[in-house]
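Here is the file entry.csv (CSV, C-alpha atoms).
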```csv
chain,number,residue,atom,x,y,z
A,192,MET,CA,96.2,-54.2,-18.7
A,193,ILE,CA,93.3,-55.4,-20.8
A,194,LEU,CA,91.1,-55.7,-17.7
A,195,LYS,CA,90.9,-52.0,-17.0
A,196,PRO,CA,89.5,-51.1,-20.5
A,197,LEU,CA,87.2,-54.1,-20.4
A,198,PHE,CA,85.7,-53.0,-17.0
A,199,PHE,CA,85.5,-49.4,-18.2
A,200,TYR,CA,83.4,-50.3,-21.3
A,201,LEU,CA,81.4,-52.8,-19.2
A,202,PHE,CA,80.4,-50.3,-16.6
A,203,ALA,CA,79.8,-47.6,-19.2
A,204,PHE,CA,77.5,-49.8,-21.2
A,205,PHE,CA,75.4,-50.8,-18.2
A,206,THR,CA,75.3,-47.2,-16.9
A,207,ILE,CA,74.0,-45.9,-20.2
A,208,GLY,CA,71.6,-48.8,-20.6
A,209,SER,CA,70.2,-48.4,-17.0
A,210,ALA,CA,69.8,-44.6,-17.5
A,211,PHE,CA,67.8,-45.3,-20.7
A,212,MET,CA,65.6,-47.8,-18.9
A,213,VAL,CA,65.0,-45.2,-16.1
A,214,ILE,CA,63.2,-42.9,-18.5
A,215,SER,CA,61.6,-45.6,-20.7
A,216,ALA,CA,60.2,-48.0,-18.1
A,217,ARG,CA,56.4,-47.8,-17.6
A,218,ASN,CA,56.5,-48.9,-14.0
A,219,PRO,CA,58.0,-46.2,-11.7
A,220,VAL,CA,59.2,-48.9,-9.3
A,221,HIS,CA,61.2,-50.5,-12.1
A,222,SER,CA,62.6,-47.0,-13.0
A,223,VAL,CA,63.9,-46.6,-9.5
A,224,LEU,CA,65.5,-50.1,-9.6
A,225,PHE,CA,67.2,-49.2,-12.9
A,226,LEU,CA,68.4,-46.0,-11.3
A,227,ILE,CA,70.0,-47.9,-8.5
A,228,LEU,CA,71.8,-50.1,-11.0
A,229,ALA,CA,73.0,-47.0,-12.8
A,230,PHE,CA,74.4,-45.6,-9.5
A,231,PHE,CA,76.3,-48.9,-8.9
A,232,ASN,CA,77.9,-48.9,-12.3
A,233,ALA,CA,78.8,-45.2,-12.0
A,234,ALA,CA,80.5,-46.0,-8.7
A,235,GLY,CA,82.5,-48.6,-10.6
A,236,LEU,CA,83.6,-46.0,-13.1
A,237,PHE,CA,84.7,-43.8,-10.2
A,238,VAL,CA,86.8,-46.6,-8.7
A,239,LEU,CA,88.5,-47.1,-12.1
A,240,LEU,CA,89.3,-43.3,-12.1
A,241,GLY,CA,90.9,-43.6,-8.6
A,242,ALA,CA,88.1,-41.6,-6.8
A,243,GLU,CA,87.2,-44.2,-4.2
A,244,PHE,CA,85.6,-41.6,-1.9
A,245,LEU,CA,83.2,-40.5,-4.6
A,246,ALA,CA,82.3,-44.1,-5.4
A,247,MET,CA,81.6,-44.7,-1.7
A,248,ILE,CA,79.5,-41.6,-1.4
A,249,LEU,CA,77.5,-42.5,-4.6
A,250,VAL,CA,76.7,-45.9,-3.1
A,251,VAL,CA,76.1,-44.9,0.5
A,252,VAL,CA,74.2,-41.6,-0.1
A,253,TYR,CA,72.4,-42.0,-3.4
A,254,VAL,CA,71.8,-45.8,-3.4
A,255,GLY,CA,71.4,-46.2,0.4
A,256,ALA,CA,69.3,-43.2,1.1
A,257,VAL,CA,68.0,-41.2,-1.9
A,258,ALA,CA,67.1,-44.0,-4.3
A,259,VAL,CA,65.7,-46.4,-1.6
A,260,LEU,CA,63.7,-43.5,0.0
A,261,PHE,CA,62.3,-42.6,-3.4
A,262,LEU,CA,61.4,-46.2,-4.0
A,263,PHE,CA,59.4,-46.4,-0.7
A,264,VAL,CA,57.7,-43.1,-1.6
A,265,VAL,CA,56.7,-44.3,-5.0
A,266,MET,CA,55.4,-47.6,-3.5
A,267,MET,CA,53.5,-46.0,-0.6
A,268,LEU,CA,51.9,-43.0,-2.3
A,269,ASP,CA,48.7,-43.5,-4.2
A,270,VAL,CA,49.9,-41.6,-7.4
A,271,ASP,CA,47.7,-41.7,-10.5
A,272,PHE,CA,50.4,-42.0,-13.1
A,273,THR,CA,47.8,-42.2,-15.9
A,274,GLU,CA,46.6,-38.7,-15.0
A,275,LEU,CA,50.2,-37.4,-14.8
A,276,ARG,CA,50.9,-38.6,-18.3
A,277,GLN,CA,48.0,-36.7,-19.8
A,278,GLY,CA,49.1,-33.9,-22.0
A,279,PHE,CA,52.5,-35.6,-22.7
A,280,LEU,CA,52.1,-35.4,-26.4
A,281,GLN,CA,51.7,-31.6,-26.5
A,282,TYR,CA,55.2,-31.2,-25.0
A,283,LEU,CA,56.8,-33.9,-27.2
A,284,PRO,CA,58.0,-31.5,-29.9
A,285,VAL,CA,59.7,-29.2,-27.4
A,286,GLY,CA,61.3,-32.2,-25.7
A,287,ALA,CA,62.5,-33.6,-29.0
A,288,LEU,CA,64.0,-30.3,-30.0
A,289,ILE,CA,65.9,-30.0,-26.7
A,290,GLY,CA,67.1,-33.6,-27.0
A,291,LEU,CA,68.3,-32.9,-30.6
A,292,VAL,CA,70.2,-29.8,-29.5
A,293,LEU,CA,71.9,-31.8,-26.7
A,294,LEU,CA,72.7,-34.6,-29.1
A,295,VAL,CA,74.4,-32.2,-31.5
A,296,GLU,CA,76.4,-30.7,-28.7
A,297,LEU,CA,77.6,-34.1,-27.5
A,298,ILE,CA,78.6,-35.1,-31.1
A,299,ALA,CA,80.5,-31.8,-31.5
A,300,VAL,CA,82.4,-32.5,-28.2
A,301,LEU,CA,83.1,-36.1,-28.9
A,302,ALA,CA,84.1,-35.5,-32.5
A,303,GLY,CA,87.4,-33.8,-31.4
A,304,THR,CA,88.0,-36.0,-28.4
A,305,VAL,CA,89.8,-39.3,-28.3
A,306,ILE,CA,88.5,-41.6,-25.6
A,307,ASP,CA,91.4,-43.1,-23.7
A,308,VAL,CA,90.7,-45.1,-20.6
A,309,ASP,CA,94.4,-44.7,-19.5
A,310,ALA,CA,94.3,-40.9,-19.8
A,311,THR,CA,94.0,-40.5,-16.0
A,312,ALA,CA,97.6,-41.7,-15.6
A,313,SER,CA,98.9,-38.6,-17.4
A,314,ALA,CA,96.2,-36.1,-16.6
A,315,VAL,CA,97.1,-33.0,-14.5
A,316,THR,CA,94.7,-32.8,-11.5
A,317,PRO,CA,94.7,-30.6,-8.4
A,318,ILE,CA,94.8,-33.7,-6.2
A,319,PRO,CA,98.2,-33.9,-4.6
A,320,PRO,CA,100.0,-37.3,-4.3
A,321,LEU,CA,98.7,-39.7,-1.7
A,322,THR,CA,101.9,-39.3,0.3
A,323,GLU,CA,101.1,-35.6,0.9
A,324,LYS,CA,97.4,-35.7,1.4
A,325,SER,CA,94.7,-38.4,1.3
A,326,ASN,CA,92.0,-38.4,-1.3
A,327,ILE,CA,89.2,-37.4,1.1
A,328,GLU,CA,91.3,-34.6,2.6
A,329,ALA,CA,92.1,-33.2,-0.8
A,330,ILE,CA,88.5,-33.3,-1.9
A,331,GLY,CA,87.4,-31.5,1.3
A,332,THR,CA,90.1,-28.9,0.9
A,333,LEU,CA,88.9,-28.1,-2.6
A,334,LEU,CA,85.2,-28.1,-1.8
A,335,TYR,CA,85.5,-25.8,1.3
A,336,THR,CA,88.1,-23.4,-0.1
A,337,LYS,CA,88.2,-22.9,-3.9
A,338,TYR,CA,84.7,-24.2,-4.7
A,339,ILE,CA,82.9,-23.1,-1.5
A,340,TYR,CA,80.5,-20.7,-3.3
A,341,PHE,CA,79.6,-23.3,-5.9
A,342,PHE,CA,79.1,-25.9,-3.1
A,343,GLN,CA,76.8,-23.6,-1.2
A,344,THR,CA,74.9,-22.7,-4.4
A,345,ALA,CA,74.3,-26.4,-5.1
A,346,GLY,CA,73.0,-26.8,-1.6
A,347,MET,CA,70.5,-24.0,-2.1
A,348,VAL,CA,69.4,-25.4,-5.4
A,349,LEU,CA,68.8,-28.8,-3.8
A,350,LEU,CA,66.9,-27.1,-0.9
A,351,VAL,CA,64.6,-25.2,-3.3
A,352,ALA,CA,64.0,-28.4,-5.3
A,353,MET,CA,63.1,-30.3,-2.1
A,354,ILE,CA,60.6,-27.7,-1.0
A,355,GLY,CA,59.1,-27.5,-4.5
A,356,ALA,CA,58.7,-31.3,-4.6
A,357,ILE,CA,57.0,-31.3,-1.2
A,358,VAL,CA,54.6,-28.5,-2.3
A,359,LEU,CA,53.8,-30.1,-5.6
A,360,THR,CA,53.1,-33.5,-4.2
A,361,LEU,CA,51.2,-32.4,-1.1
A,362,ARG,CA,47.5,-33.4,-1.2
A,363,HIS,CA,44.9,-32.2,1.2
A,364,LYS,CA,42.0,-34.6,1.7
A,365,GLN,CA,38.5,-33.1,1.9
A,366,GLY,CA,36.7,-33.5,5.2
A,367,VAL,CA,39.8,-33.9,7.4
A,368,ARG,CA,40.0,-31.6,10.4
A,369,ARG,CA,43.5,-30.0,10.6
A,370,GLN,CA,45.1,-28.0,13.3
A,371,ASP,CA,45.1,-24.2,12.7
A,372,ILE,CA,47.7,-22.8,15.1
A,373,PRO,CA,47.1,-19.0,14.5
A,374,THR,CA,43.4,-19.5,15.3
A,375,GLN,CA,44.2,-21.4,18.4
A,376,VAL,CA,46.7,-18.8,19.6
A,377,ALA,CA,44.2,-15.9,18.9
A,378,ARG,CA,41.5,-17.5,21.0
A,379,THR,CA,40.3,-15.6,24.1
A,380,PRO,CA,38.1,-16.8,27.0
A,381,ALA,CA,35.2,-14.9,25.5
A,382,THR,CA,35.4,-16.9,22.3
A,383,SER,CA,36.4,-20.2,23.7
A,384,ILE,CA,34.0,-20.5,26.8
A,385,GLU,CA,30.3,-20.6,26.6
A,386,VAL,CA,28.3,-20.3,29.8
A,387,VAL,CA,25.0,-22.1,29.7
A,388,GLN,CA,22.3,-21.6,32.3
A,389,VAL,CA,20.8,-25.0,33.0
A,390,LYS,CA,17.5,-25.2,34.9
A,391,SER,CA,17.4,-27.3,38.0
A,392,GLY,CA,16.5,-30.9,37.3
A,393,LYS,CA,17.2,-30.7,33.6
A,394,GLY,CA,20.3,-31.7,31.6
A,395,ILE,CA,22.0,-29.8,28.8
```
Please lay out the structure from this file as structure tokens.
Amino acid sequence: MILKPLFFYLFAFFTIGSAFMVISARNPVHSVLFLILAFFNAAGLFVLLGAEFLAMILVVVYVGAVAVLFLFVVMMLDVDFTELRQGFLQYLPVGALIGLVLLVELIAVLAGTVIDVDATASAVTPIPPLTEKSNIEAIGTLLYTKYIYFFQTAGMVLLVAMIGAIVLTLRHKQGVRRQDIPTQVARTPATSIEVVQVKSGKGI
């Protein structure tokens, strides 16, 4: 069974490397491509853990929709990334402090943990045997019964994040005439019609 540990470390190495390249690449298009590579390798890890449904969702939803859509948005929008990077150094100490705290926490967790790629065989999970219930049915049962409130909360957080991203990236160009629906609805015949008396034989 040397193939399973080999593929585990291979997928884990490429996942960590791709994630690092996402935040270190200068070109945002390259960052999205490395993000897609990280998703594929994470899907491989899910397959090794026996969660084929999660691997399929990761590839179909995140790679096929979210990452590709984000790639198109980055390529089509005229975003001045030089302007966005201005003021980066003033937040560097805070970011370094947060990163250091997270690193200490990870080291503290991993210090008392033995990584065993075959631990899933003896782990106690709420997923019943495949003879009783399929993997997809078991995940759906857990999400919509025991974890329904967390599931709905995650949906609300994603909705707020989506609205915030739209508001922050919305740019109104000067000199462009836009539709004002309340003004249109409030118009009356007295404000929208102008009667002009034109003398006979003369134009307007």
Which residues are near stretch 258-267 of chain A? Cut-off 8 Å, only C-alpha atoms, ignore same chain within fewer than 3 positions. Put them as an mmCIF file with C-alpha atoms, in the frame of the given file.
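Below is the file that was written, result18.cif:
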```cif
data_model
loop_
_atom_site.group_PDB
_atom_site.id
_atom_site.type_symbol
_atom_site.label_atom_id
_atom_site.label_comp_id
_atom_site.auth_asym_id
_atom_site.auth_seq_id
_atom_site.Cartn_x
_atom_site.Cartn_y
_atom_site.Cartn_z
ATOM 1 C CA PRO A 219 58.000 -46.200 -11.700
ATOM 2 C CA VAL A 220 59.200 -48.900 -9.300
ATOM 3 C CA VAL A 223 63.900 -46.600 -9.500
ATOM 4 C CA LEU A 224 65.500 -50.100 -9.600
ATOM 5 C CA LEU A 226 68.400 -46.000 -11.300
ATOM 6 C CA ILE A 227 70.000 -47.900 -8.500
ATOM 7 C CA TYR A 253 72.400 -42.000 -3.400
ATOM 8 C CA VAL A 254 71.800 -45.800 -3.400
ATOM 9 C CA GLY A 255 71.400 -46.200 0.400
ATOM 10 C CA VAL A 270 49.900 -41.600 -7.400
#
```
For atom CA of A:Leu283 and atom CA of A:Thr206, the interatomic separation in Å (one decimal):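 Atom-to-atom, atom CA of A:Leu283 and atom CA of A:Thr206 are spaced 25.0 Å apart.
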Interatomic distance, atom CA of A:Pro373 to atom CA of A:Ala352 (Å, one decimal):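 Spanning atom CA of A:Pro373 to atom CA of A:Ala352 is a straight-line distance of 27.7 Å.
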For atom CA of A:Met347 and atom CA of A:Ala233, the interatomic separation in Å (one decimal):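 Distance between the two atoms: 24.8 Å.
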Residue nearest A:Ile327 among A:Gly346, A:Gly392, A:Gly290, A:Gly241 (counting all atoms listed in the file):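 Nearest to A:Ile327: A:Gly241.
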